[in-house]
Amino acid sequence: SSKSIIMDPTTTDIDSAESNASINIYVNNNGGGDESFGIENNCSSRSGQQAAAAGRNNNIHVHGPAVSVSMSTIQYSYSLALLLFCTAIVMSAIFTNQTKAGEDGIPPIAIFLILCGLISWLAMMEGGQGCLVGLQPLDKAVYADSHPITHQCTTLAHKGDNTVRFIVGRQFLVVLVVFITNYLCGPSSTTTAYTSASVLHLPAIANEVFLNSGLAMILFTIVMGQLTAQVNAAFCMLDFINTRFMLLTTYISLAVEMSGLLHSVYLVQMVFSKITRTPIEFNGEDPLSSSRRIAFWLRVFMSLAILAISLAVTLKALFNANTALIDGVPAFVSVILFFALMCFIGMMEGMQIALFAVVRMPDHKLRNHPEVQKNCELVFEGSNLQAFLIGRQICVTGCMFFIARITTLAINADGNDHIFGVPTMVQAFFDTGLLGAIITTIVGSLAWRVIGSSFPLAFLSNPLINIIIRLCLLLEKSGICSSSWVFARWHKVIAGYNPDEVYLAGHERTVTSRRDQDIDTAISFLGNLMSLALLGLSIAVVMCAIFTGQTKSSVYGLPSFVSCIVFWCLIIWLAMIEGGQGCLVGLQPLDKEKYASSHPMTFRCTSLAHKGDNMERFIVGRQFLAVLVVFVISMCASPVEGANVLGLPLLAKDIFLGLGFALTLSTIVLGQLTAQLNAAQCMLDFINNRLMLFTTYISLAIEKSGLLHSAYLVQVLFAKMTGIPVETKEPPRNAFQNILFWSRILFSLAVLGFSFTITLKALFDGKTAMWEGVPPYISVIIFFGLMCFVGLMEGMQIALFAVAKMPEEHLACHAVAHQNCKLTFEGSNLQAFLIGRQICVTCCMFVIARITSITINDTESNIFGVPDAIQEFFNTGLLGAVITTIVGSLAWRIIASSFPLGFLSNPLVNIIIRLCLLLEKSGICSSSWALAFIQKLLFKYRVDEEYIGSDNAVDVEDVHATINESIEVVVRDGSLNTVDRALTESSVIDESLSEDTWSMMSNMHTPVQRRMKSYEHHLP
């Protein structure tokens, strides 16, 4: 057997742009001894140069790179969306028992697990072949220590003619896996039942295109099981096959070839060797001995017999219409389709070999064959080689699935239709599709490769070749499988693959290519679209629930239009509360005279909030106000039990209405993140309105009432424990002020105790809005668990910024805290953590609001038998808001600021950080960026530098933070105090100030460059 005849260069220069040192695999046996060649590393031939050019020009540039990136973004986005859609269809068909395997009684979960295993194995075979062939020229000692499994695989595969044997056996395994996948995911033999199943409520035409034709299954298999693996295997060969899975695949492939099942292909090889008078080459193996020659010919005859039986049985089934082909197709048409597809696949298999066979022929030979020259010029022009190979892969796999459908036998169980009257057991073997896999491998693949390598010029002179090439180019151009690049990008990251040059030439491990950047842009773009769609659906669900009287407000007798107005007013007010806090804190260092005339309302707000300790008072009052608004929104728009709108499916109804996802998402995006994004860089414009002035007065009034003064008691206690005095910007309190201060603390403690008593009584009596079926003691446990969870997230933020400037050696003495800090401050994780934290905190507050909302039926007695008027007050949720603000927020902030290292040493902190990072990574709230841009245009917000300039700018390191409610830690003389701060993805630390005083400023894209004035704050 000759290596030059059998090899399949399926991974030829998959992405030269990723690695200029990629190994190009060329296969040829053109009859001219000097012209024959096998594998070249970094070829300098015409094909190598053209392939390199293809890699350099693999992006389409139209009027500059911006358009190219846009085109790539759109292509990746729609391909990824299409793949996700196809995956959903395949999974739905499996779990609704609408596949052949499901019809045969195989459980859906078993089908799913087998499918996952087969796709993984197919990916390993597709990528592994290119790796084994491509690593042949490389000295194995170079990677023997770094990649021991790779060394075992290549040592086995490169021994003698084992590479050829591996490719032959592997080709059959690939075809077999495709046939089994078709059995697992393909439509059941009762085609009409499958067609009418309406998976995912698809329209009839979509059902026909994606389900009945098998398009969803084909795209899923090509992307996940072939192209994704081939992309990474093309330039990460050493890492890709450094697994025992590949070693097992190598052994199985060699065993399949050794069985003799496919030995008839060697007879074809010998016949064409005689015709062309080209001797068969052996790779260092001795000529066959007599016993081995006898064994060889016995296996050839056995293979011929099996092939003949396979053809006889398949043709008999086709003529008897006993296959899984679509109903209504005449028998003779089935046979014609069968052989036509076999020829079509064979031509694509052979033309690939023939193209690389003629690529090094002298030009005068090609000029004597104008059709061949025309085809070669078309393939090797620009990036067409890469495009042709990808398109060919799509064509071949699609045809194999169709052949699998044609050759899959469907015989009735009564035995009357058994092929040739064979027993049931034999017929069951025929039904497996194994016979079709044998025919496809030998007749539709290997034999045509032999012809293509033996007569390359004649093969490429076929007029159909040009049509096939253009079809492959068109398929690749459509971008239908471009998502494979996206999955390859992240598969490489997750699996830790590195280009071979990292190990062989010491190149850098992390290099982001232009394609990777385009993929990241596409993922971001698609994430924003999905987030916007999800937000739109959530708003629609909330509004429909309000206007159909299926919310709590309707229970209280509030008209729908009033509920709608109240809801949107509260969302707007929450947005002002969330964004306004960051503005007031961020504008403290700025001279107010700079914006007194241009922004009069901003001047009035800051003058009031920055007077004495008013900033801390505002933050305390505002915290309660924000919690109260969330509670009232929950009361106003939370759906009642059994609500259903828009005809949502049961699962969607449970998620969006039952769990309150729609209301929570709408509140987070519209009422928090969107406002914080614009407030981060347009502080002067954002609070230049009377609503913010009103909010400032209300926040100060709430703090002044003493409702939350118990938080100051916690502050005093921890000040005594730590020996750190409470700092203030105001003169010491006189006797009357002290009496008033402590009186309000006692009043706050009484209110807090009363709130706990009423809330716990309602919980134990089952008189809250907690979901039905939850026992009272579980409700109490969930209540305190959520309070602790919210408190942990409130305190974590404080503690993280408290330790941010601690010496590394001091931090390293606390291993768990050190690990948590490294995780949070790595790359852009701080920004992601703070966004994820905002989502977590708000979700928990909605659940707490539901748990603490008291509901009394007409037949139930009031809490402690109080009058109805007082019970109505209890039902407002005000008591729950008081508890959440003091116990679930302010108290934890004080603990964290007093003992930051101890706080961060809690093992739960690491889990919470990762949860927040995962939530942000999901992009569920990324629509806030688009809405912030729209809001900025509508309200004509301008960045602060346009009003005040940036003359005093300072350059700092990129310190990542995020738009979020946060606390800044100010360290002076060893004391720790805190102040609320709005943070963004970029922040400024002014090192010119006192070393112990630092501030976080905000900007959406670039660091806000403004010199800070030294200031300090204290906050409970």
# chains A, B, ... in the order shown; residues from 1 in each chain; ligands from 1
$ select_by_dssp --residues "segment 608-756 of chain A" --states "alpha helix (DSSP H)" --output "short mmCIF file (atom, residue, chain, number, x, y, z; two decimals) with N, CA and C atoms, in the first residue's frame"
data_model
loop_
_atom_site.label_atom_id
_atom_site.label_comp_id
_atom_site.auth_asym_id
_atom_site.auth_seq_id
_atom_site.Cartn_x
_atom_site.Cartn_y
_atom_site.Cartn_z
N LEU A 608 -25.87 70.93 48.88
CA LEU A 608 -26.62 70.34 49.98
C LEU A 608 -25.97 69.05 50.47
N ALA A 609 -25.61 68.17 49.53
CA ALA A 609 -25.10 66.85 49.91
C ALA A 609 -23.68 66.90 50.46
N ASN A 614 -23.29 65.45 55.48
CA ASN A 614 -24.52 65.15 54.75
C ASN A 614 -24.34 64.04 53.71
N MET A 615 -23.12 63.91 53.20
CA MET A 615 -22.89 62.87 52.19
C MET A 615 -23.17 61.48 52.78
N GLU A 616 -22.67 61.26 54.03
CA GLU A 616 -22.92 59.98 54.68
C GLU A 616 -24.40 59.82 55.02
N ARG A 617 -25.02 60.91 55.44
CA ARG A 617 -26.45 60.85 55.76
C ARG A 617 -27.26 60.53 54.50
N PHE A 618 -26.88 61.16 53.38
CA PHE A 618 -27.57 60.89 52.12
C PHE A 618 -27.44 59.41 51.75
N ILE A 619 -26.26 58.85 51.90
CA ILE A 619 -26.03 57.46 51.50
C ILE A 619 -26.85 56.50 52.35
N VAL A 620 -26.92 56.77 53.67
CA VAL A 620 -27.71 55.91 54.55
C VAL A 620 -29.19 56.00 54.17
N GLY A 621 -29.71 57.23 54.02
CA GLY A 621 -31.11 57.39 53.66
C GLY A 621 -31.42 56.86 52.28
N ARG A 622 -30.51 57.08 51.36
CA ARG A 622 -30.71 56.61 49.99
C ARG A 622 -30.72 55.08 49.93
N GLN A 623 -29.93 54.41 50.78
CA GLN A 623 -29.92 52.96 50.79
C GLN A 623 -31.30 52.42 51.15
N PHE A 624 -31.91 53.02 52.16
CA PHE A 624 -33.26 52.59 52.53
C PHE A 624 -34.25 52.91 51.43
N LEU A 625 -34.07 54.06 50.81
CA LEU A 625 -34.98 54.48 49.75
C LEU A 625 -34.92 53.52 48.56
N ALA A 626 -33.71 53.11 48.19
CA ALA A 626 -33.56 52.17 47.08
C ALA A 626 -34.22 50.83 47.39
N VAL A 627 -34.03 50.33 48.63
CA VAL A 627 -34.65 49.08 49.03
C VAL A 627 -36.16 49.22 49.03
N LEU A 628 -36.66 50.33 49.55
CA LEU A 628 -38.10 50.55 49.62
C LEU A 628 -38.72 50.60 48.22
N VAL A 629 -38.04 51.26 47.28
CA VAL A 629 -38.56 51.34 45.91
C VAL A 629 -38.64 49.94 45.30
N VAL A 630 -37.63 49.12 45.51
CA VAL A 630 -37.66 47.75 45.00
C VAL A 630 -38.83 46.98 45.60
N PHE A 631 -39.06 47.16 46.91
CA PHE A 631 -40.17 46.48 47.57
C PHE A 631 -41.50 46.94 46.97
N VAL A 632 -41.66 48.23 46.74
CA VAL A 632 -42.92 48.75 46.21
C VAL A 632 -43.12 48.29 44.77
N ILE A 633 -42.04 48.26 43.98
CA ILE A 633 -42.15 47.72 42.61
C ILE A 633 -42.63 46.28 42.65
N SER A 634 -42.09 45.51 43.60
CA SER A 634 -42.52 44.12 43.75
C SER A 634 -44.00 44.04 44.08
N MET A 635 -44.48 44.91 44.98
CA MET A 635 -45.89 44.92 45.34
C MET A 635 -46.76 45.35 44.17
N CYS A 636 -46.24 46.26 43.36
CA CYS A 636 -47.03 46.84 42.27
C CYS A 636 -47.12 45.90 41.07
N ALA A 637 -46.04 45.24 40.71
CA ALA A 637 -45.98 44.52 39.43
C ALA A 637 -45.72 43.03 39.54
N LEU A 650 -45.62 26.56 29.40
CA LEU A 650 -45.59 26.37 30.85
C LEU A 650 -44.23 26.72 31.43
N LEU A 651 -43.15 26.24 30.79
CA LEU A 651 -41.82 26.52 31.32
C LEU A 651 -41.51 28.00 31.30
N ALA A 652 -41.82 28.68 30.19
CA ALA A 652 -41.57 30.12 30.11
C ALA A 652 -42.41 30.88 31.11
N LYS A 653 -43.65 30.44 31.30
CA LYS A 653 -44.53 31.10 32.27
C LYS A 653 -43.96 30.98 33.68
N PHE A 661 -38.80 36.54 36.96
CA PHE A 661 -37.62 36.90 36.18
C PHE A 661 -37.86 38.16 35.34
N ALA A 662 -39.05 38.27 34.75
CA ALA A 662 -39.34 39.42 33.88
C ALA A 662 -39.25 40.72 34.66
N LEU A 663 -39.85 40.75 35.83
CA LEU A 663 -39.84 41.98 36.64
C LEU A 663 -38.44 42.29 37.14
N THR A 664 -37.71 41.27 37.56
CA THR A 664 -36.35 41.48 38.08
C THR A 664 -35.43 42.02 37.00
N LEU A 665 -35.46 41.41 35.81
CA LEU A 665 -34.59 41.86 34.72
C LEU A 665 -34.94 43.29 34.30
N SER A 666 -36.22 43.59 34.19
CA SER A 666 -36.62 44.94 33.80
C SER A 666 -36.13 45.97 34.81
N THR A 667 -36.21 45.64 36.08
CA THR A 667 -35.77 46.58 37.12
C THR A 667 -34.26 46.78 37.09
N ILE A 668 -33.51 45.70 36.95
CA ILE A 668 -32.04 45.81 36.96
C ILE A 668 -31.55 46.64 35.78
N THR A 674 -28.50 50.89 33.43
CA THR A 674 -28.52 51.89 32.36
C THR A 674 -28.21 53.27 32.91
N ALA A 675 -28.84 53.63 34.03
CA ALA A 675 -28.59 54.93 34.63
C ALA A 675 -27.15 55.05 35.13
N GLN A 676 -26.64 53.99 35.73
CA GLN A 676 -25.28 54.04 36.27
C GLN A 676 -24.24 54.21 35.17
N LEU A 677 -24.50 53.63 33.99
CA LEU A 677 -23.57 53.78 32.88
C LEU A 677 -23.43 55.24 32.48
N ASN A 678 -24.54 55.93 32.31
CA ASN A 678 -24.47 57.34 31.91
C ASN A 678 -24.03 58.24 33.05
N ALA A 679 -24.44 57.91 34.27
CA ALA A 679 -24.03 58.72 35.42
C ALA A 679 -22.54 58.64 35.66
N ALA A 680 -21.92 57.59 35.16
CA ALA A 680 -20.49 57.41 35.39
C ALA A 680 -19.65 58.46 34.69
N GLN A 681 -20.07 58.92 33.51
CA GLN A 681 -19.25 59.85 32.77
C GLN A 681 -19.95 61.17 32.47
N MET A 683 -21.81 63.06 34.91
CA MET A 683 -22.32 63.36 36.25
C MET A 683 -23.01 64.71 36.31
N LEU A 684 -22.44 65.70 35.70
CA LEU A 684 -23.01 67.05 35.77
C LEU A 684 -24.38 67.11 35.11
N ASP A 685 -24.52 66.50 33.95
CA ASP A 685 -25.80 66.51 33.25
C ASP A 685 -26.82 65.61 33.93
N PHE A 686 -26.38 64.48 34.46
CA PHE A 686 -27.31 63.47 34.97
C PHE A 686 -28.14 64.00 36.14
N ARG A 690 -34.63 68.59 38.93
CA ARG A 690 -35.28 68.73 40.23
C ARG A 690 -35.59 67.38 40.87
N LEU A 691 -35.68 66.33 40.07
CA LEU A 691 -35.92 65.01 40.65
C LEU A 691 -34.77 64.59 41.55
N MET A 692 -33.54 64.91 41.14
CA MET A 692 -32.39 64.56 41.97
C MET A 692 -32.35 65.43 43.22
N LEU A 693 -32.72 66.67 43.09
CA LEU A 693 -32.77 67.54 44.28
C LEU A 693 -33.81 67.02 45.26
N PHE A 694 -34.98 66.62 44.74
CA PHE A 694 -36.03 66.04 45.57
C PHE A 694 -35.52 64.76 46.24
N THR A 695 -34.81 63.91 45.48
CA THR A 695 -34.28 62.66 46.03
C THR A 695 -33.27 62.93 47.14
N THR A 696 -32.46 63.95 46.97
CA THR A 696 -31.47 64.29 48.01
C THR A 696 -32.18 64.70 49.29
N TYR A 697 -33.19 65.55 49.18
CA TYR A 697 -33.93 65.97 50.36
C TYR A 697 -34.61 64.79 51.04
N ILE A 698 -35.24 63.92 50.26
CA ILE A 698 -35.93 62.76 50.82
C ILE A 698 -34.95 61.84 51.55
N SER A 699 -33.77 61.59 50.93
CA SER A 699 -32.77 60.72 51.55
C SER A 699 -32.28 61.29 52.87
N LEU A 700 -32.02 62.58 52.90
CA LEU A 700 -31.57 63.22 54.13
C LEU A 700 -32.68 63.20 55.18
N ALA A 701 -33.93 63.36 54.75
CA ALA A 701 -35.05 63.34 55.69
C ALA A 701 -35.21 61.95 56.31
N ILE A 702 -35.03 60.90 55.50
CA ILE A 702 -35.14 59.53 56.02
C ILE A 702 -34.07 59.29 57.07
N GLU A 703 -32.84 59.70 56.78
CA GLU A 703 -31.77 59.53 57.77
C GLU A 703 -32.06 60.35 59.02
N LYS A 704 -32.58 61.54 58.83
CA LYS A 704 -32.86 62.44 59.95
C LYS A 704 -33.95 61.89 60.86
N SER A 710 -29.95 52.70 64.18
CA SER A 710 -29.35 51.53 64.83
C SER A 710 -28.06 51.12 64.13
N ALA A 711 -27.90 51.50 62.86
CA ALA A 711 -26.65 51.20 62.16
C ALA A 711 -25.49 51.93 62.80
N TYR A 712 -25.76 53.14 63.35
CA TYR A 712 -24.69 53.89 64.00
C TYR A 712 -24.25 53.20 65.28
N LEU A 713 -25.17 52.48 65.93
CA LEU A 713 -24.78 51.72 67.13
C LEU A 713 -23.77 50.65 66.77
N VAL A 714 -24.00 49.97 65.64
CA VAL A 714 -23.04 48.97 65.16
C VAL A 714 -21.70 49.63 64.88
N GLN A 715 -21.75 50.84 64.30
CA GLN A 715 -20.52 51.56 63.99
C GLN A 715 -19.75 51.90 65.27
N VAL A 716 -20.48 52.34 66.28
CA VAL A 716 -19.83 52.70 67.55
C VAL A 716 -19.22 51.47 68.21
N LEU A 717 -19.94 50.36 68.20
CA LEU A 717 -19.44 49.14 68.80
C LEU A 717 -18.16 48.66 68.13
N PHE A 718 -18.14 48.66 66.81
CA PHE A 718 -16.93 48.20 66.10
C PHE A 718 -15.80 49.21 66.22
N ALA A 719 -16.13 50.48 66.39
CA ALA A 719 -15.08 51.48 66.65
C ALA A 719 -14.42 51.20 67.99
N LYS A 720 -15.21 50.77 68.98
CA LYS A 720 -14.64 50.41 70.29
C LYS A 720 -13.81 49.14 70.18
N MET A 721 -14.30 48.16 69.43
CA MET A 721 -13.61 46.89 69.30
C MET A 721 -12.27 47.05 68.59
N THR A 722 -12.24 47.88 67.56
CA THR A 722 -11.01 48.05 66.77
C THR A 722 -10.13 49.18 67.28
N ALA A 735 -24.49 68.27 74.31
CA ALA A 735 -25.30 67.38 75.15
C ALA A 735 -26.67 67.13 74.53
N PHE A 736 -27.31 68.17 74.04
CA PHE A 736 -28.63 68.00 73.45
C PHE A 736 -28.57 67.13 72.20
N GLN A 737 -27.53 67.37 71.38
CA GLN A 737 -27.39 66.56 70.17
C GLN A 737 -27.12 65.10 70.51
N ASN A 738 -26.35 64.86 71.58
CA ASN A 738 -26.09 63.48 72.01
C ASN A 738 -27.37 62.80 72.47
N ILE A 739 -28.20 63.54 73.24
CA ILE A 739 -29.46 62.97 73.69
C ILE A 739 -30.34 62.63 72.50
N LEU A 740 -30.40 63.58 71.55
CA LEU A 740 -31.20 63.34 70.36
C LEU A 740 -30.66 62.16 69.55
N PHE A 741 -29.33 62.08 69.43
CA PHE A 741 -28.70 60.99 68.66
C PHE A 741 -29.03 59.63 69.28
N TRP A 742 -28.84 59.48 70.60
CA TRP A 742 -29.06 58.20 71.24
C TRP A 742 -30.55 57.87 71.34
N SER A 743 -31.36 58.91 71.42
CA SER A 743 -32.80 58.67 71.41
C SER A 743 -33.23 58.06 70.08
N ARG A 744 -32.68 58.58 69.00
CA ARG A 744 -33.02 58.05 67.69
C ARG A 744 -32.46 56.64 67.51
N ILE A 745 -31.31 56.35 68.11
CA ILE A 745 -30.78 54.98 68.05
C ILE A 745 -31.74 54.02 68.76
N LEU A 746 -32.23 54.42 69.96
CA LEU A 746 -33.18 53.57 70.68
C LEU A 746 -34.48 53.42 69.89
N PHE A 747 -34.92 54.52 69.28
CA PHE A 747 -36.12 54.45 68.44
C PHE A 747 -35.91 53.49 67.28
N SER A 748 -34.74 53.54 66.63
CA SER A 748 -34.43 52.67 65.50
C SER A 748 -34.37 51.21 65.94
N LEU A 749 -33.77 50.96 67.12
CA LEU A 749 -33.72 49.59 67.63
C LEU A 749 -35.13 49.06 67.91
N ALA A 750 -35.97 49.93 68.44
CA ALA A 750 -37.35 49.51 68.72
C ALA A 750 -38.08 49.18 67.43
N VAL A 751 -37.90 50.03 66.41
CA VAL A 751 -38.54 49.78 65.12
C VAL A 751 -38.01 48.49 64.51
N LEU A 752 -36.70 48.28 64.60
CA LEU A 752 -36.10 47.06 64.03
C LEU A 752 -36.62 45.82 64.75
N GLY A 753 -36.67 45.87 66.09
CA GLY A 753 -37.20 44.74 66.85
C GLY A 753 -38.65 44.47 66.52
N PHE A 754 -39.43 45.55 66.42
CA PHE A 754 -40.84 45.41 66.07
C PHE A 754 -40.99 44.81 64.66
N SER A 755 -40.17 45.27 63.72
CA SER A 755 -40.24 44.75 62.35
C SER A 755 -39.92 43.26 62.31
N PHE A 756 -38.89 42.84 63.05
CA PHE A 756 -38.55 41.42 63.10
C PHE A 756 -39.69 40.61 63.71
#
$ residues_around --residues "Met351 of chain A" --least-positions-apart "5" --cutoff "8 Å" --atoms "only C-alpha atoms" --output "list in words"
Arg449, Gly452, Pro456, Phe459, Leu460 and Ile465 of chain A
$ residues_around --residues "segment 301-303 of chain A" --least-positions-apart "2" --cutoff "10 Å" --atoms "only C-alpha atoms" --output "JSON, numbers by chain"
{"A": [259, 260, 261, 262, 263, 264, 265, 267, 296, 297, 298, 299, 305, 306, 307, 308, 309, 438, 442]}
$ write_last_selection --atoms "C-alpha atoms" --output "PDB file, in the first residue's frame"
ATOM      1  CA  SER A 259      -9.602  -6.914  10.094  1.00  0.00           C
ATOM      2  CA  GLY A 260      -9.539  -6.884   6.282  1.00  0.00           C
ATOM      3  CA  LEU A 261     -12.984  -5.327   6.024  1.00  0.00           C
ATOM      4  CA  LEU A 262     -11.682  -2.680   3.602  1.00  0.00           C
ATOM      5  CA  HIS A 263      -8.891  -4.601   1.893  1.00  0.00           C
ATOM      6  CA  SER A 264     -10.672  -4.567  -1.454  1.00  0.00           C
ATOM      7  CA  VAL A 265      -9.396  -1.004  -1.874  1.00  0.00           C
ATOM      8  CA  LEU A 267      -6.972  -4.428  -5.122  1.00  0.00           C
ATOM      9  CA  PHE A 296      -3.364 -10.390   2.625  1.00  0.00           C
ATOM     10  CA  TRP A 297      -5.193 -11.959  -0.336  1.00  0.00           C
ATOM     11  CA  LEU A 298      -7.602 -13.800   1.913  1.00  0.00           C
ATOM     12  CA  ARG A 299      -8.582 -10.474   3.452  1.00  0.00           C
ATOM     13  CA  ALA A 305     -17.350 -10.717  -0.678  1.00  0.00           C
ATOM     14  CA  ILE A 306     -18.573  -8.361   2.054  1.00  0.00           C
ATOM     15  CA  LEU A 307     -18.750  -5.504  -0.440  1.00  0.00           C
ATOM     16  CA  ALA A 308     -20.747  -7.623  -2.870  1.00  0.00           C
ATOM     17  CA  ILE A 309     -23.177  -8.740  -0.141  1.00  0.00           C
ATOM     18  CA  ILE A 438     -18.838  -0.252   4.023  1.00  0.00           C
ATOM     19  CA  ILE A 442     -14.800   1.744  -0.275  1.00  0.00           C
TER      20      ILE A 442
END
$ residues_around --residues "segment 927-935 of chain A" --least-positions-apart "5" --cutoff "9 Å" --atoms "only C-alpha atoms" --output "PyMOL selection string"
chain A and resi 527-535+668-670+672-678+940-941
$ residues_around --residues "Thr155 of chain A" --least-positions-apart "3" --cutoff "12 Å" --atoms "only C-alpha atoms" --output "list in words"
Leu132, Val133, Leu135, Gln136, Leu138, Asp139, Lys140, Ala141, Tyr143, Ala144, Pro148, Ile149, Thr150, His151, Gln152, His158, Lys159, Gly160, Asp161, Asn162, Thr163, Leu247, Thr250 and Tyr251 of chain A
$ closest_residue --among "A:Met425, A:Ser779, A:Gly496, A:Ser607" --to "Leu590 of chain A" --atoms "only C-alpha atoms"
A:Ser607
$ closest_residue --among "A:Gln588, A:Gln226, A:Thr96, A:Thr876" --to "Leu122 of chain A" --atoms "only C-alpha atoms"
A:Gln226
$ atom_distance --atom1 "atom CA of Ile851 of chain A" --atom2 "atom CA of Leu760 of chain A"
10.2 Å
$ closest_residue --among "A:Ala437, A:Val359, A:Leu811, A:Ile89" --to "Glu208 of chain A" --atoms "only C-alpha atoms"
A:Ile89
$ closest_residue --among "A:Asn232, A:Ser828, A:Leu657, A:Gln269" --to "Ala495 of chain A" --atoms "only C-alpha atoms"
A:Asn232
$ atom_distance --atom1 "atom CA of Cys569 of chain A" --atom2 "atom CA of Val542 of chain A"
14.7 Å
